[in-house]
$ cat coords19.txt   # compact mmCIF, C-alpha atoms
# COMPACT_ATOMS: atom_id res chain seq x y z
CA MET A 2 -49.44 47.25 -45.31
CA THR A 3 -45.86 48.31 -46.01
CA THR A 4 -44.19 47.46 -49.33
CA HIS A 5 -42.31 44.67 -47.59
CA LEU A 6 -45.44 43.00 -46.19
CA VAL A 7 -47.31 43.41 -49.49
CA THR A 8 -44.35 41.73 -51.21
CA VAL A 9 -44.48 38.88 -48.68
CA ARG A 10 -48.23 38.42 -49.15
CA ASN A 11 -48.00 38.39 -52.95
CA ASP A 12 -45.08 35.96 -52.86
CA ILE A 13 -46.96 33.54 -50.59
CA LYS A 14 -50.05 33.76 -52.83
CA ARG A 15 -47.89 32.82 -55.82
CA LEU A 16 -46.30 29.94 -53.94
CA LEU A 17 -49.71 28.61 -52.93
CA LYS A 18 -50.89 28.79 -56.53
CA THR A 19 -47.72 27.29 -58.02
CA ASN A 20 -47.62 24.46 -55.48
CA ALA A 21 -51.37 23.87 -55.40
CA LYS A 22 -52.57 20.75 -53.57
CA THR A 23 -55.82 18.85 -53.63
CA GLU A 24 -56.28 19.58 -49.92
CA ARG A 25 -55.83 22.93 -48.17
CA THR A 26 -52.16 23.81 -47.59
CA THR A 27 -51.02 23.95 -43.96
CA ILE A 28 -48.46 26.68 -43.28
CA LEU A 29 -46.41 27.05 -40.10
CA ASP A 30 -45.69 30.76 -39.62
CA VAL A 31 -42.63 30.94 -37.37
CA GLY A 32 -42.48 34.22 -35.48
CA GLY A 33 -45.51 35.55 -37.36
CA ARG A 34 -47.41 37.01 -34.37
CA LYS A 35 -50.48 38.52 -36.07
CA SER A 36 -49.35 37.25 -39.49
CA PRO A 37 -51.01 40.12 -41.43
CA TYR A 38 -49.63 38.86 -44.75
CA THR A 39 -51.68 35.64 -44.52
CA ILE A 40 -55.08 37.24 -43.82
CA ASN A 41 -57.77 35.57 -45.98
CA LEU A 42 -55.27 33.40 -47.83
CA PRO A 43 -56.65 29.96 -48.78
CA ALA A 44 -54.47 28.01 -46.34
CA ASN A 45 -54.55 26.74 -42.77
CA ILE A 46 -52.15 28.91 -40.76
CA VAL A 47 -50.44 27.73 -37.57
CA LEU A 48 -48.64 30.49 -35.65
CA LEU A 49 -45.50 29.69 -33.67
CA ASP A 50 -43.58 32.16 -31.55
CA VAL A 51 -41.73 32.41 -28.25
CA PRO A 52 -43.44 34.03 -25.25
CA GLN A 53 -42.73 37.73 -24.87
CA GLU A 54 -40.09 38.37 -22.22
CA SER A 55 -39.09 41.53 -20.40
CA GLY A 56 -36.17 43.50 -21.83
CA ASP A 57 -35.53 44.01 -25.54
CA LYS A 58 -38.33 41.67 -26.68
CA GLN A 59 -40.87 43.62 -24.66
CA LYS A 60 -39.52 47.00 -25.84
CA LEU A 61 -39.64 45.86 -29.48
CA ASN A 62 -42.99 44.11 -29.04
CA LEU A 63 -41.68 40.67 -30.03
CA GLY A 64 -43.12 37.28 -29.06
CA PHE A 65 -46.58 36.18 -27.95
CA THR A 66 -48.61 37.73 -25.12
CA ASN A 67 -51.94 36.52 -23.71
CA THR A 68 -53.66 39.65 -25.06
CA LEU A 69 -52.32 39.05 -28.55
CA LEU A 70 -53.30 35.38 -28.53
CA THR A 71 -56.88 36.22 -27.55
CA GLU A 72 -57.10 38.95 -30.19
CA VAL A 73 -55.75 36.77 -32.99
CA LYS A 74 -58.04 33.84 -32.19
CA LYS A 75 -61.08 36.11 -32.34
CA LYS A 76 -60.23 37.86 -35.61
CA ARG A 77 -58.62 35.22 -37.84
CA SER A 78 -60.64 32.37 -39.34
CA ASN A 79 -57.73 30.72 -41.20
CA ILE A 80 -55.54 30.37 -38.10
CA THR A 81 -56.06 26.81 -36.92
CA ASN A 82 -53.56 26.64 -34.06
CA ILE A 83 -51.15 28.75 -32.01
CA ILE A 84 -47.97 27.24 -30.59
CA ILE A 85 -45.75 28.91 -27.98
CA GLU A 86 -42.35 27.39 -28.53
CA ASP A 87 -38.76 28.18 -29.47
CA MET A 88 -38.04 26.70 -32.92
CA THR A 89 -34.47 25.88 -31.90
CA GLN A 90 -36.00 23.54 -29.27
CA SER A 91 -38.80 22.26 -31.46
CA THR A 92 -40.95 19.36 -30.29
CA LEU A 93 -43.05 19.32 -33.48
CA PRO A 94 -43.37 16.04 -35.40
CA GLU A 95 -41.25 15.63 -38.52
CA ALA A 96 -42.91 16.25 -41.89
CA SER A 97 -46.00 17.79 -40.29
CA TYR A 98 -46.44 20.94 -42.44
CA ASP A 99 -46.70 21.62 -46.16
CA ALA A 100 -44.79 24.88 -45.85
CA VAL A 101 -43.12 27.28 -43.45
CA VAL A 102 -43.11 31.09 -43.54
CA CYS A 103 -40.50 33.00 -41.54
CA VAL A 104 -40.63 36.78 -41.98
CA GLU A 105 -37.90 38.94 -40.37
CA VAL A 106 -37.11 36.36 -37.70
CA ILE A 107 -33.84 34.58 -38.42
CA GLU A 108 -31.76 37.70 -37.72
CA HIS A 109 -32.98 37.44 -34.09
CA VAL A 110 -31.87 33.82 -33.59
CA PRO A 111 -28.44 33.05 -32.07
CA GLU A 112 -28.53 29.36 -33.12
CA ASP A 113 -29.45 29.99 -36.75
CA ASP A 114 -28.14 26.65 -38.06
CA LEU A 115 -30.26 24.65 -35.58
CA PHE A 116 -33.20 26.95 -36.32
CA ILE A 117 -33.07 26.18 -40.07
CA GLN A 118 -32.44 22.48 -39.43
CA ASN A 119 -35.61 22.22 -37.31
CA ILE A 120 -37.64 24.12 -39.88
CA ALA A 121 -36.50 21.71 -42.58
CA LYS A 122 -37.50 18.75 -40.39
CA VAL A 123 -41.14 19.80 -40.02
CA ILE A 124 -41.68 20.36 -43.77
CA LYS A 125 -43.11 17.49 -45.79
CA GLU A 126 -41.17 16.10 -48.74
CA GLY A 127 -41.79 18.35 -51.73
CA GLY A 128 -42.77 21.27 -49.48
CA TRP A 129 -41.35 24.78 -49.38
CA ALA A 130 -40.30 27.56 -47.03
CA TYR A 131 -40.20 31.33 -47.40
CA PHE A 132 -37.83 33.63 -45.50
CA THR A 133 -37.15 37.36 -45.36
CA THR A 134 -34.40 39.11 -43.42
CA PRO A 135 -32.52 42.44 -43.58
CA ASN A 136 -30.08 42.79 -46.49
CA GLY A 137 -26.66 42.51 -44.89
CA ASP A 138 -24.94 43.43 -48.15
CA TYR A 139 -26.21 46.97 -47.62
CA ILE A 140 -27.72 47.42 -44.14
CA LYS A 141 -25.17 46.97 -41.36
CA ASN A 142 -26.46 46.45 -37.84
CA GLU A 143 -23.97 48.70 -36.12
CA GLY A 144 -23.53 52.21 -34.80
CA PRO A 145 -26.19 54.38 -33.11
CA ASN A 146 -29.04 52.83 -35.13
CA LYS A 147 -28.13 49.26 -34.20
CA ASN A 148 -31.12 47.02 -33.45
CA PRO A 149 -30.26 45.42 -30.08
CA ASP A 150 -32.30 42.30 -30.84
CA HIS A 151 -30.62 41.54 -34.19
CA ILE A 152 -27.83 38.97 -33.89
CA ARG A 153 -26.64 39.36 -37.50
CA HIS A 154 -27.53 40.69 -40.94
CA TYR A 155 -26.83 38.11 -43.64
CA LYS A 156 -25.17 38.80 -46.92
CA ARG A 157 -26.88 37.10 -49.85
CA GLN A 158 -24.25 34.38 -50.22
CA GLU A 159 -24.19 33.71 -46.47
CA LEU A 160 -27.93 33.09 -46.42
CA GLN A 161 -27.69 30.95 -49.58
CA ASP A 162 -24.95 28.79 -48.02
CA LEU A 163 -26.88 28.30 -44.76
CA LEU A 164 -30.12 27.26 -46.47
CA GLU A 165 -28.39 24.94 -48.94
CA LYS A 166 -27.26 22.78 -46.01
CA TYR A 167 -30.87 21.66 -45.46
CA PHE A 168 -32.81 22.28 -48.68
CA GLN A 169 -32.44 20.85 -52.18
CA ARG A 170 -33.25 24.07 -54.02
CA VAL A 171 -32.59 27.59 -52.76
CA GLU A 172 -33.38 30.92 -54.43
CA VAL A 173 -32.25 34.14 -52.70
CA HIS A 174 -32.83 37.66 -54.03
CA TYR A 175 -33.02 41.28 -52.89
CA ALA A 176 -36.26 43.16 -52.29
CA VAL A 177 -37.69 46.61 -51.41
CA LYS A 178 -35.91 49.80 -52.40
CA THR A 179 -34.56 51.90 -49.53
CA GLY A 180 -34.96 55.68 -49.27
CA LYS A 181 -37.33 58.31 -47.95
CA TYR A 182 -40.47 56.79 -49.48
CA ARG A 183 -39.86 53.47 -47.74
CA VAL A 184 -39.38 55.40 -44.47
CA TRP A 185 -42.62 57.30 -45.05
CA GLY A 186 -44.45 54.01 -45.60
CA LEU A 187 -43.15 52.57 -42.33
CA ARG A 188 -44.74 55.31 -40.25
CA SER A 189 -47.82 54.34 -38.27
CA PHE A 190 -50.73 56.76 -38.42
CA LYS A 191 -53.89 57.81 -36.60
CA LEU A 192 -57.25 58.81 -38.05
CA LYS A 193 -56.89 62.22 -36.40
CA GLN A 194 -53.79 62.90 -38.54
CA PRO A 195 -55.02 62.88 -42.17
CA LEU A 196 -51.82 64.42 -43.58
CA LEU A 197 -49.73 61.67 -42.00
CA ILE A 198 -52.12 59.05 -43.42
CA LEU A 199 -51.71 60.53 -46.90
CA ARG A 200 -47.93 60.60 -46.59
CA THR A 201 -47.80 57.00 -45.40
CA LEU A 202 -50.04 55.84 -48.25
CA MET A 203 -48.06 57.82 -50.81
CA GLY A 204 -44.78 56.50 -49.44
CA ASN A 205 -45.94 52.89 -49.80
CA PHE A 206 -47.35 53.53 -53.29
CA ILE A 207 -44.13 55.10 -54.59
CA ASN A 208 -41.92 52.59 -52.80
CA LYS A 209 -43.85 49.69 -54.36
CA ILE A 210 -43.14 51.12 -57.83
CA GLN A 211 -39.48 51.77 -56.95
CA SER A 212 -39.07 48.18 -55.74
CA LYS A 213 -39.85 46.55 -59.06
CA GLY A 214 -36.85 44.87 -60.68
CA VAL A 215 -34.44 45.15 -57.73
CA GLU A 216 -34.00 41.38 -57.27
CA ASN A 217 -30.30 41.52 -58.20
CA SER A 218 -29.49 44.90 -56.65
CA PRO A 219 -27.40 44.52 -53.46
CA ILE A 220 -27.14 48.29 -52.96
CA LYS A 221 -30.04 50.40 -51.62
CA THR A 222 -32.33 47.42 -51.01
CA ALA A 223 -33.69 46.64 -47.56
CA HIS A 224 -34.36 42.90 -47.52
CA LEU A 225 -33.26 39.48 -48.64
CA VAL A 226 -35.99 37.06 -49.71
CA ALA A 227 -35.34 33.32 -49.86
CA VAL A 228 -37.60 30.61 -51.29
CA VAL A 229 -36.47 27.05 -50.63
CA TYR A 230 -37.80 23.62 -51.58
CA LYS A 231 -37.34 20.31 -49.79

$ encode --input "coords19.txt" --output "structure tokens"
Amino acid sequence: MTTHLVTVRNDIKRLLKTNAKTERTTILDVGGRKSPYTINLPANIVLLDVPQESGDKQKLNLGFTNTLLTEVKKKRSNITNIIIEDMTQSTLPEASYDAVVCVEVIEHVPEDDLFIQNIAKVIKEGGWAYFTTPNGDYIKNEGPNKNPDHIRHYKRQELQDLLEKYFQRVEVHYAVKTGKYRVWGLRSFKLKQPLLILRTLMGNFINKIQSKGVENSPIKTAHLVAVVYK
């Protein structure tokens, strides 16, 4: 996995350990699709995403498809349910999950305030949520490289202010060093291209080392990470 997804996985493992319960933790993964960062974690995972539509979502491979749903159900033992729903129009019962994970999703949501409000509603008292999103203090979604499906890139304080409206405790920090090694690590590879495999692996290895201690570095970091408690 990329440095970003390894960071997500390690963070969730720590949260599960720190907030250990007598019964198995139930996590709602909003927009998680295959949810690779929760594979084999000791928790019950419920996936929620919108159906894939034609246009930008289809081009960027966002949302659920019937093929993906079938594939995920076959391969993942800790996924207990899959819900096709828009979180801004949530019909889920209040206080129905121990935690929520939302990785690189909120930047796609026009109604971000309602989105966060509904996430807060479904978390049990004393529960937590984990978010990642592009670092708007450094990465601007504009110009020729603009992502057409990103509504906004949050600055650290903007994300802090939004989350504090619905959660008692909010911690936001920067994560993942930018640069050529991060780009190398993002490249997909095929078994028939061993040199590309080596470069991807090396990129992720170096980028992981580079990304240590960047929590308070707004410049040359790719993501914001937020951990919130209800």

$ residues_near_point --input "coords19.txt" --point "(-36.6, 55.7, -52.5)" --cutoff "10 Å" --atoms "only C-alpha atoms" --output "list in words"
Val177, Lys178, Thr179, Gly180, Lys181, Tyr182, Arg183, Val184, Trp185, Gly204, Ile207, Asn208, Lys209, Ile210, Gln211, Ser212, Lys221 and Thr222 of chain A

$ atom_distance --input "coords19.txt" --atom1 "atom CA of A:Asn20" --atom2 "atom CA of A:Asn45"
14.7 Å

$ axis_aligned_box --input "coords19.txt" --around "stretch 26-42 of chain A" --padding-each-side "4 Å" --output "lines of an AutoDock Vina configuration file"
center_x = -50.1
center_y = 32.0
center_z = -41.1
size_x = 23.3
size_y = 24.3
size_z = 21.5

$ closest_residue --input "coords19.txt" --among "A:His154, A:Arg170, A:Arg15, A:Lys147" --to "A:Val106" --atoms "all atoms listed in the file"
A:His154

$ atom_distance --input "coords19.txt" --atom1 "atom CA of A:Lys213" --atom2 "atom CA of A:His109"
27.5 Å

$ closest_residue --input "coords19.txt" --among "A:Gln169, A:Thr3, A:Gln90, A:Ser97" --to "A:Ile28" --atoms "all atoms listed in the file"
A:Ser97

$ atom_distance --input "coords19.txt" --atom1 "atom CA of A:Val228" --atom2 "atom CA of A:Gly128"
10.8 Å

$ residues_near_point --input "coords19.txt" --point "(-30.7, 33.7, -50.5)" --cutoff "8 Å" --atoms "all atoms listed in the file" --output "PyMOL selection string"
chain A and resi 157-162+164+171-174+225-228

$ closest_residue --input "coords19.txt" --among "A:Glu216, A:Lys125, A:Tyr155, A:Val110" --to "A:Thr27" --atoms "only C-alpha atoms"
A:Lys125

$ residues_around --input "coords19.txt" --residues "A:Leu49" --least-positions-apart "4" --cutoff "12 Å" --atoms "all atoms listed in the file" --output "VMD selection string"
chain A and resid 28 to 36 64 to 65 70 80 to 89 91 to 93 101 to 104 106 120

$ write_last_selection --input "coords19.txt" --atoms "C-alpha atoms" --output "short mmCIF file (atom, residue, chain, number, x, y, z; two decimals), in the frame of the given file"
data_model
loop_
_atom_site.label_atom_id
_atom_site.label_comp_id
_atom_site.auth_asym_id
_atom_site.auth_seq_id
_atom_site.Cartn_x
_atom_site.Cartn_y
_atom_site.Cartn_z
CA ILE A 28 -48.46 26.68 -43.28
CA LEU A 29 -46.41 27.05 -40.10
CA ASP A 30 -45.69 30.76 -39.62
CA VAL A 31 -42.63 30.94 -37.37
CA GLY A 32 -42.48 34.22 -35.48
CA GLY A 33 -45.51 35.55 -37.36
CA ARG A 34 -47.41 37.01 -34.37
CA LYS A 35 -50.48 38.52 -36.07
CA SER A 36 -49.35 37.25 -39.49
CA GLY A 64 -43.12 37.28 -29.06
CA PHE A 65 -46.58 36.18 -27.95
CA LEU A 70 -53.30 35.38 -28.53
CA ILE A 80 -55.54 30.37 -38.10
CA THR A 81 -56.06 26.81 -36.92
CA ASN A 82 -53.56 26.64 -34.06
CA ILE A 83 -51.15 28.75 -32.01
CA ILE A 84 -47.97 27.24 -30.59
CA ILE A 85 -45.75 28.91 -27.98
CA GLU A 86 -42.35 27.39 -28.53
CA ASP A 87 -38.76 28.18 -29.47
CA MET A 88 -38.04 26.70 -32.92
CA THR A 89 -34.47 25.88 -31.90
CA SER A 91 -38.80 22.26 -31.46
CA THR A 92 -40.95 19.36 -30.29
CA LEU A 93 -43.05 19.32 -33.48
CA VAL A 101 -43.12 27.28 -43.45
CA VAL A 102 -43.11 31.09 -43.54
CA CYS A 103 -40.50 33.00 -41.54
CA VAL A 104 -40.63 36.78 -41.98
CA VAL A 106 -37.11 36.36 -37.70
CA ILE A 120 -37.64 24.12 -39.88
#

$ closest_residue --input "coords19.txt" --among "A:Met2, A:Glu165, A:Glu24, A:Val9" --to "A:Thr133" --atoms "only C-alpha atoms"
A:Val9
